[in-house]
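**Q** Next comes the structure file data.pdb, holding PDB, C-alpha atoms.
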```pdb
ATOM      1  CA  MET A 907     -21.677  74.373  51.639
ATOM      2  CA  LYS A 908     -24.936  72.635  52.547
ATOM      3  CA  VAL A 909     -28.283  74.245  51.739
ATOM      4  CA  LEU A 910     -31.435  72.621  53.070
ATOM      5  CA  LYS A 911     -34.083  74.915  51.567
ATOM      6  CA  ILE A 912     -33.950  77.765  49.120
ATOM      7  CA  GLY A 913     -36.689  80.085  47.969
ATOM      8  CA  THR A 914     -37.261  81.547  44.518
ATOM      9  CA  ILE A 915     -35.881  84.991  45.427
ATOM     10  CA  THR A 916     -32.825  83.512  47.100
ATOM     11  CA  LEU A 917     -32.170  81.332  44.093
ATOM     12  CA  LEU A 918     -32.415  84.316  41.774
ATOM     13  CA  ALA A 919     -29.971  86.290  43.877
ATOM     14  CA  PHE A 920     -27.536  83.404  43.908
ATOM     15  CA  THR A 921     -27.832  83.055  40.141
ATOM     16  CA  ILE A 922     -27.046  86.723  39.615
ATOM     17  CA  PHE A 923     -24.094  86.466  41.967
ATOM     18  CA  SER A 924     -22.842  83.431  40.095
ATOM     19  CA  CYS A 925     -22.868  85.336  36.825
ATOM     20  CA  THR A 926     -20.885  88.248  38.281
ATOM     21  CA  SER A 927     -18.180  86.336  40.114
ATOM     22  CA  GLY A 928     -15.567  84.135  38.457
ATOM     23  CA  ASN A 929     -15.029  82.194  41.655
ATOM     24  CA  SER A 930     -18.537  82.383  43.089
ATOM     25  CA  GLN A 931     -18.922  78.949  44.629
ATOM     26  CA  GLN A 932     -15.662  79.165  46.535
ATOM     27  CA  ASP A 933     -16.363  82.765  47.594
ATOM     28  CA  ALA A 934     -19.820  81.799  48.850
ATOM     29  CA  ALA A 935     -18.428  78.808  50.738
ATOM     30  CA  ARG A 936     -15.789  80.961  52.420
ATOM     31  CA  SER A 937     -18.402  83.526  53.403
ATOM     32  CA  SER A 938     -20.740  80.950  54.955
ATOM     33  CA  ASP A 939     -17.866  79.281  56.787
ATOM     34  CA  SER A 940     -16.290  82.473  58.126
ATOM     35  CA  ALA A 941     -17.611  81.855  61.629
ATOM     36  CA  THR A 942     -15.960  78.444  61.914
ATOM     37  CA  TYR A 943     -12.850  78.622  59.721
ATOM     38  CA  MET A 944      -9.700  80.536  60.631
ATOM     39  CA  GLU A 945      -7.714  82.124  57.808
ATOM     40  CA  LEU A 946      -4.067  81.106  58.294
ATOM     41  CA  PHE A 947      -2.507  83.303  55.599
ATOM     42  CA  ASP A 948      -3.206  87.026  55.208
ATOM     43  CA  GLY A 949      -2.147  87.168  51.553
ATOM     44  CA  VAL A 950       0.320  90.040  52.061
ATOM     45  CA  SER A 951       2.960  88.823  54.520
ATOM     46  CA  LEU A 952       4.493  85.775  56.205
ATOM     47  CA  THR A 953       3.047  86.834  59.548
ATOM     48  CA  GLY A 954       2.276  83.714  61.577
ATOM     49  CA  TRP A 955       4.644  81.545  59.541
ATOM     50  CA  ARG A 956       8.288  80.597  60.025
ATOM     51  CA  GLY A 957      10.555  79.248  57.282
ATOM     52  CA  ASP A 958      13.540  79.870  55.040
ATOM     53  CA  THR A 959      12.770  83.163  53.298
ATOM     54  CA  SER A 960      15.179  82.324  50.489
ATOM     55  CA  ILE A 961      12.644  79.623  49.557
ATOM     56  CA  TRP A 962       9.306  81.006  50.758
ATOM     57  CA  ARG A 963       7.735  84.358  49.898
ATOM     58  CA  VAL A 964       4.428  86.118  49.253
ATOM     59  CA  GLU A 965       3.598  86.677  45.582
ATOM     60  CA  GLU A 966       0.371  88.170  44.233
ATOM     61  CA  GLY A 967      -1.607  87.156  47.289
ATOM     62  CA  THR A 968      -0.254  83.609  47.434
ATOM     63  CA  LEU A 969       2.203  81.764  49.669
ATOM     64  CA  VAL A 970       4.979  80.586  47.338
ATOM     65  CA  GLY A 971       7.766  78.065  47.808
ATOM     66  CA  GLU A 972      10.300  77.819  45.007
ATOM     67  CA  ILE A 973      13.474  75.934  44.130
ATOM     68  CA  LYS A 974      15.359  77.919  41.498
ATOM     69  CA  PRO A 975      17.913  76.481  39.054
ATOM     70  CA  GLY A 976      21.309  76.222  40.733
ATOM     71  CA  GLU A 977      19.764  76.559  44.203
ATOM     72  CA  GLU A 978      18.680  72.949  44.757
ATOM     73  CA  LEU A 979      18.084  71.833  48.352
ATOM     74  CA  SER A 980      20.062  69.330  50.406
ATOM     75  CA  SER A 981      17.002  68.487  52.542
ATOM     76  CA  ASN A 982      13.256  69.074  52.493
ATOM     77  CA  SER A 983      12.273  72.464  53.849
ATOM     78  CA  PHE A 984       9.007  73.571  55.455
ATOM     79  CA  ILE A 985       7.308  76.816  56.265
ATOM     80  CA  ILE A 986       5.685  76.181  59.643
ATOM     81  CA  TRP A 987       2.497  77.715  61.002
ATOM     82  CA  GLU A 988       3.111  79.294  64.395
ATOM     83  CA  GLY A 989      -0.516  79.423  65.519
ATOM     84  CA  GLY A 990      -0.626  76.121  67.396
ATOM     85  CA  LYS A 991      -0.477  72.341  67.096
ATOM     86  CA  PRO A 992      -3.853  71.195  65.786
ATOM     87  CA  GLY A 993      -5.247  67.834  66.800
ATOM     88  CA  ASP A 994      -8.728  67.267  65.372
ATOM     89  CA  PHE A 995      -9.266  69.671  62.491
ATOM     90  CA  GLU A 996     -10.258  70.286  58.889
ATOM     91  CA  LEU A 997      -7.797  72.171  56.683
ATOM     92  CA  ILE A 998      -8.719  73.506  53.250
ATOM     93  CA  ALA A 999      -6.323  75.210  50.833
ATOM     94  CA  GLU A1000      -5.880  75.759  47.130
ATOM     95  CA  TYR A1001      -2.565  74.978  45.475
ATOM     96  CA  ARG A1002      -0.902  75.280  42.079
ATOM     97  CA  MET A1003       2.352  73.554  41.157
ATOM     98  CA  VAL A1004       4.706  74.433  38.313
ATOM     99  CA  GLY A1005       7.722  72.326  37.349
ATOM    100  CA  LYS A1006       8.568  68.708  38.069
ATOM    101  CA  GLY A1007       8.877  68.721  41.827
ATOM    102  CA  ASN A1008       7.148  67.507  44.952
ATOM    103  CA  SER A1009       5.432  69.236  47.831
ATOM    104  CA  GLY A1010       2.883  68.513  50.515
ATOM    105  CA  ILE A1011       1.196  69.621  53.718
ATOM    106  CA  ASN A1012       2.468  68.159  56.977
ATOM    107  CA  TYR A1013       0.265  67.973  60.056
ATOM    108  CA  ARG A1014       0.347  66.463  63.550
ATOM    109  CA  SER A1015       4.096  66.718  63.073
ATOM    110  CA  GLU A1016       7.203  67.218  65.184
ATOM    111  CA  GLU A1017       9.741  69.903  64.345
ATOM    112  CA  LEU A1018      13.316  68.619  64.340
ATOM    113  CA  ALA A1019      16.340  70.475  65.673
ATOM    114  CA  GLU A1020      18.366  69.529  62.596
ATOM    115  CA  PRO A1021      18.115  70.228  59.763
ATOM    116  CA  THR A1022      16.409  73.572  60.172
ATOM    117  CA  PHE A1023      12.743  73.874  59.228
ATOM    118  CA  ALA A1024      12.299  70.088  59.080
ATOM    119  CA  LEU A1025       9.132  68.261  60.145
ATOM    120  CA  LYS A1026       8.436  64.631  60.967
ATOM    121  CA  GLY A1027       4.869  63.406  60.645
ATOM    122  CA  TYR A1028       1.806  62.839  58.466
ATOM    123  CA  GLN A1029       1.779  64.488  55.064
ATOM    124  CA  ALA A1030      -0.865  65.063  52.431
ATOM    125  CA  ASP A1031       1.393  64.559  49.430
ATOM    126  CA  ILE A1032       1.428  66.728  46.289
ATOM    127  CA  ASP A1033       3.566  66.069  43.214
ATOM    128  CA  ALA A1034       3.685  67.640  39.774
ATOM    129  CA  ALA A1035       3.163  64.322  37.976
ATOM    130  CA  ASN A1036       0.149  63.557  40.220
ATOM    131  CA  THR A1037       1.489  60.078  40.862
ATOM    132  CA  TYR A1038       1.240  60.522  44.616
ATOM    133  CA  THR A1039      -1.009  63.551  45.063
ATOM    134  CA  GLY A1040      -3.479  62.903  47.869
ATOM    135  CA  GLN A1041      -1.672  59.951  49.407
ATOM    136  CA  ASN A1042      -0.702  59.813  53.091
ATOM    137  CA  TYR A1043       3.066  59.847  53.523
ATOM    138  CA  GLU A1044       4.724  59.988  56.925
ATOM    139  CA  GLU A1045       7.758  62.254  56.530
ATOM    140  CA  ARG A1046      10.873  60.874  58.261
ATOM    141  CA  GLY A1047       8.749  58.109  59.712
ATOM    142  CA  ARG A1048       6.724  55.163  58.450
ATOM    143  CA  THR A1049       6.883  56.394  54.799
ATOM    144  CA  ILE A1050       3.868  55.718  52.509
ATOM    145  CA  LEU A1051       0.891  54.783  54.679
ATOM    146  CA  ALA A1052      -1.795  54.859  51.972
ATOM    147  CA  PHE A1053      -1.441  55.360  48.217
ATOM    148  CA  PRO A1054      -4.041  57.359  46.250
ATOM    149  CA  GLY A1055      -7.170  55.224  46.018
ATOM    150  CA  GLN A1056      -6.476  53.310  49.250
ATOM    151  CA  SER A1057      -8.345  53.119  52.528
ATOM    152  CA  VAL A1058      -6.143  51.335  55.061
ATOM    153  CA  ARG A1059      -5.816  50.412  58.703
ATOM    154  CA  LEU A1060      -2.458  50.563  60.447
ATOM    155  CA  PRO A1061      -2.162  47.839  63.111
ATOM    156  CA  GLU A1062      -0.053  48.073  66.233
ATOM    157  CA  VAL A1063       3.577  47.076  65.789
ATOM    158  CA  SER A1064       6.543  46.567  68.082
ATOM    159  CA  GLY A1065      10.167  47.220  67.332
ATOM    160  CA  PRO A1066      11.894  49.861  65.200
ATOM    161  CA  VAL A1067      10.150  51.497  62.256
ATOM    162  CA  SER A1068      12.894  50.263  59.926
ATOM    163  CA  GLU A1069      11.626  46.676  60.351
ATOM    164  CA  TYR A1070       8.352  47.540  58.622
ATOM    165  CA  ALA A1071       9.207  50.455  56.290
ATOM    166  CA  LYS A1072      10.581  48.771  53.168
ATOM    167  CA  GLY A1073      10.910  50.284  49.714
ATOM    168  CA  ASN A1074       9.380  53.536  50.987
ATOM    169  CA  VAL A1075       6.154  51.706  51.927
ATOM    170  CA  TRP A1076       4.704  50.823  55.331
ATOM    171  CA  THR A1077       4.417  47.123  54.639
ATOM    172  CA  VAL A1078       1.990  46.198  57.440
ATOM    173  CA  ALA A1079      -0.782  48.565  56.308
ATOM    174  CA  GLU A1080      -4.002  46.565  55.900
ATOM    175  CA  ALA A1081      -6.206  47.395  52.911
ATOM    176  CA  VAL A1082      -9.802  48.111  53.933
ATOM    177  CA  GLU A1083     -11.353  49.155  50.623
ATOM    178  CA  SER A1084     -10.591  50.762  47.283
ATOM    179  CA  LEU A1085     -11.492  54.425  46.851
ATOM    180  CA  GLY A1086     -11.086  54.267  43.092
ATOM    181  CA  ASP A1087      -8.681  53.498  40.292
ATOM    182  CA  ARG A1088      -5.502  55.572  40.566
ATOM    183  CA  ASP A1089      -5.586  56.683  36.937
ATOM    184  CA  SER A1090      -9.206  57.776  37.265
ATOM    185  CA  LEU A1091      -8.428  59.714  40.424
ATOM    186  CA  ARG A1092      -5.434  61.336  38.761
ATOM    187  CA  SER A1093      -7.669  62.595  35.936
ATOM    188  CA  LEU A1094      -9.563  64.722  38.486
ATOM    189  CA  ILE A1095      -6.451  66.773  39.268
ATOM    190  CA  LYS A1096      -5.794  69.835  37.092
ATOM    191  CA  GLU A1097      -2.260  70.335  35.789
ATOM    192  CA  ASN A1098      -0.626  73.760  36.042
ATOM    193  CA  ASP A1099      -3.835  75.098  37.546
ATOM    194  CA  TRP A1100      -5.472  75.582  40.909
ATOM    195  CA  ASN A1101      -6.702  72.549  42.843
ATOM    196  CA  GLU A1102      -8.330  72.309  46.252
ATOM    197  CA  ILE A1103      -6.802  70.077  48.917
ATOM    198  CA  ARG A1104      -8.669  69.190  52.098
ATOM    199  CA  ILE A1105      -7.385  67.302  55.122
ATOM    200  CA  VAL A1106      -9.753  65.957  57.774
ATOM    201  CA  ALA A1107      -8.081  64.586  60.904
ATOM    202  CA  LYS A1108     -10.294  63.336  63.714
ATOM    203  CA  GLY A1109      -9.046  60.936  66.352
ATOM    204  CA  ASN A1110      -7.078  58.242  64.597
ATOM    205  CA  GLN A1111      -8.852  58.730  61.254
ATOM    206  CA  LEU A1112      -7.121  60.766  58.541
ATOM    207  CA  GLU A1113      -8.700  61.669  55.190
ATOM    208  CA  HIS A1114      -7.189  63.498  52.214
ATOM    209  CA  TYR A1115      -9.397  65.033  49.507
ATOM    210  CA  ILE A1116      -8.469  66.653  46.193
ATOM    211  CA  ASN A1117     -11.144  68.749  44.476
ATOM    212  CA  GLY A1118     -13.780  67.188  46.710
ATOM    213  CA  THR A1119     -12.832  63.550  46.030
ATOM    214  CA  LEU A1120     -11.503  61.298  48.791
ATOM    215  CA  MET A1121      -8.048  60.192  47.670
ATOM    216  CA  SER A1122      -6.801  58.295  50.722
ATOM    217  CA  LYS A1123      -7.977  57.287  54.171
ATOM    218  CA  VAL A1124      -5.968  55.997  57.129
ATOM    219  CA  VAL A1125      -7.221  54.571  60.398
ATOM    220  CA  ASP A1126      -4.122  54.585  62.579
ATOM    221  CA  ASP A1127      -4.299  51.972  65.340
ATOM    222  CA  ASP A1128      -0.517  51.984  65.746
ATOM    223  CA  VAL A1129      -0.490  53.586  69.199
ATOM    224  CA  ALA A1130       3.295  53.606  69.536
ATOM    225  CA  ASN A1131       3.890  55.547  66.302
ATOM    226  CA  ARG A1132       0.791  57.629  65.625
ATOM    227  CA  LYS A1133       0.348  61.278  66.592
ATOM    228  CA  LEU A1134      -2.874  62.946  67.687
ATOM    229  CA  GLU A1135      -1.650  66.544  67.450
ATOM    230  CA  GLY A1136       1.337  68.504  66.251
ATOM    231  CA  ALA A1137       2.815  71.143  63.992
ATOM    232  CA  LEU A1138       1.409  72.171  60.622
ATOM    233  CA  GLY A1139       3.626  73.123  57.683
ATOM    234  CA  PHE A1140       3.934  73.296  53.906
ATOM    235  CA  GLN A1141       6.825  71.585  52.130
ATOM    236  CA  VAL A1142       9.298  72.165  49.333
ATOM    237  CA  HIS A1143      10.962  68.833  48.514
ATOM    238  CA  VAL A1144      14.506  68.198  47.354
ATOM    239  CA  GLY A1145      14.670  67.681  43.612
ATOM    240  CA  PRO A1146      14.457  69.639  40.373
ATOM    241  CA  PRO A1147      13.472  73.317  40.115
ATOM    242  CA  MET A1148       9.815  73.805  40.936
ATOM    243  CA  LYS A1149       7.298  76.274  42.296
ATOM    244  CA  ILE A1150       4.311  75.654  44.547
ATOM    245  CA  ALA A1151       1.751  78.331  45.442
ATOM    246  CA  PHE A1152      -0.947  78.154  48.130
ATOM    247  CA  ARG A1153      -3.916  80.427  48.776
ATOM    248  CA  ASN A1154      -7.187  80.522  50.747
ATOM    249  CA  ILE A1155      -5.676  78.494  53.601
ATOM    250  CA  ARG A1156      -8.345  77.851  56.234
ATOM    251  CA  LEU A1157      -8.445  75.762  59.398
ATOM    252  CA  LYS A1158     -11.441  74.609  61.418
ATOM    253  CA  GLN A1159     -11.009  72.923  64.791
ATOM    254  CA  LEU A1160     -13.237  69.856  65.226
ATOM    255  CA  ASP A1161     -14.887  68.832  68.487
TER     256      ASP A1161
END
```
Can you dump the structure from the file as structure tokens?

**A**
Amino acid sequence: MKVLKIGTITLLAFTIFSCTSGNSQQDAARSSDSATYMELFDGVSLTGWRGDTSIWRVEEGTLVGEIKPGEELSSNSFIIWEGGKPGDFELIAEYRMVGKGNSGINYRSEELAEPTFALKGYQADIDAANTYTGQNYEERGRTILAFPGQSVRLPEVSGPVSEYAKGNVWTVAEAVESLGDRDSLRSLIKENDWNEIRIVAKGNQLEHYINGTLMSKVVDDDVANRKLEGALGFQVHVGPPMKIAFRNIRLKQLD
């Protein structure tokens, strides 16, 4: 929220509000942005979302994906927003992860026929160990495009993706600048608590933020492989039992 000028009375009112609300800054930001942001989750149902309801549910006002012991997945599973295929947008959500698993938010993605509820495309990665949280990973595609702390450019390539995706890394990504030391960035992420994730996608530029800090940036000049719009979905990844919860999911279309 940007404030250009503030008077004494306004400041006093804001101070009082801050003392009476445990989540005042976020509440105030949501209020001021209500005209431009669309709430994607109503907090009480899965209306507007499509996914495997044995994995995804609503719990205490949050959108929850969970892998329970003995019910491990054979493939990654997404709950997919049915409201459109955003192109240029800003997405803000809060998440909390419990366990040792992996999750993420896919965008500008393609839904596959098989397996069910599978997406292919850009992903703002989230993992419990915070080794990869905030990186840009292309699910079922070019793999890791930018690690946390990296700003990269993806040049045009020819030939199959498998020629360039080696060791789960897109090997032709060109480093532009460092966004910070990975350990320092990791220290900004709260464990077993709520964090804010923000994705800004405009043209061929993709930015991932965690708690207001830019974690990765991609400028995708790879015309043959990039996507400029597509499906949006939240992921539960194959692996150990885990639980991921999302709330306050908001989308703003950018001009």

**Q** Figure out the distance between atom CA of Arg1156 of chain A and atom CA of Gly993 of chain A, please, to one decimal in Å.

**A**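 So the answer is 14.9 Å.
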
**Q** State, in Å with one decimal place, the distance from atom CA of Thr953 of chain A to atom CA of Asn1154 of chain A.

**A**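 Atom CA of Asn1154 of chain A lies 14.9 Å from atom CA of Thr953 of chain A.
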
**Q** Expand the PyMOL selection byres ((chain A and resi 1023-1039) around 8) into the explicit residue set it covers here, and present it as JSON, numbers by chain.

**A** {"A": [957, 958, 982, 983, 984, 985, 986, 1003, 1004, 1005, 1006, 1007, 1008, 1009, 1010, 1011, 1012, 1013, 1014, 1015, 1016, 1017, 1018, 1019, 1020, 1021, 1022, 1040, 1041, 1042, 1043, 1044, 1045, 1046, 1047, 1053, 1054, 1092, 1095, 1097, 1105, 1114, 1133, 1137, 1139]}

**Q** Assuming the chain letters and numbering stay as they are in my file, what does the PyMOL selection byres ((chain A and resi 1066) around 12) actually select? List them as a PyMOL selection string.

**A** chain A and resi 1047-1048+1063-1065+1067-1071+1130-1131

**Q** Next, dump the selected residues to file, keeping only C-alpha atoms, as a PDB file, in the coordinates of the input.

**A**
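See result06.pdb below for the written result:
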```pdb
ATOM      1  CA  GLY A1047       8.749  58.109  59.712  1.00  0.00           C
ATOM      2  CA  ARG A1048       6.724  55.163  58.450  1.00  0.00           C
ATOM      3  CA  VAL A1063       3.577  47.076  65.789  1.00  0.00           C
ATOM      4  CA  SER A1064       6.543  46.567  68.082  1.00  0.00           C
ATOM      5  CA  GLY A1065      10.167  47.220  67.332  1.00  0.00           C
ATOM      6  CA  VAL A1067      10.150  51.497  62.256  1.00  0.00           C
ATOM      7  CA  SER A1068      12.894  50.263  59.926  1.00  0.00           C
ATOM      8  CA  GLU A1069      11.626  46.676  60.351  1.00  0.00           C
ATOM      9  CA  TYR A1070       8.352  47.540  58.622  1.00  0.00           C
ATOM     10  CA  ALA A1071       9.207  50.455  56.290  1.00  0.00           C
ATOM     11  CA  ALA A1130       3.295  53.606  69.536  1.00  0.00           C
ATOM     12  CA  ASN A1131       3.890  55.547  66.302  1.00  0.00           C
TER      13      ASN A1131
END
```

**Q** Atom CA of Gly971 of chain A and atom CA of Lys1108 of chain A are how many Å apart?

**A**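 The value is 28.2 Å.
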
**Q** Using all atoms listed in the file, find the one residue out of A:Leu997, A:Leu979, A:Ala1107, A:Ala1052 that sits nearest to Thr942 of chain A.

**A**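 The closest residue to Thr942 of chain A is A:Leu997.
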
**Q** Apply the PyMOL selection byres ((chain A and resi 1116) around 6) to the displayed file and report the matching residues as a list in words.

**A**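 So the PyMOL selection byres ((chain A and resi 1116) around 6) ends up selecting Glu1102, Ile1103, Tyr1115, Asn1117, Gly1118 and Thr1119 of chain A.
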
**Q** Please list, as number ranges by chain, the residues that have an atom at most 6 Å away from (-1.7, 66.9, 68.6) in the coordinates of this file, counting only C-alpha atoms.

**A** A: 991-993, 1014, 1134-1136

**Q** Tell me, as a ChimeraX atom specification, which residues lie within 10 Å of Val964 of chain A, counting all atoms listed in the file; anything in the same chain fewer than 3 positions away does not count.

**A** /A:947-952,959,967-971,1151-1152
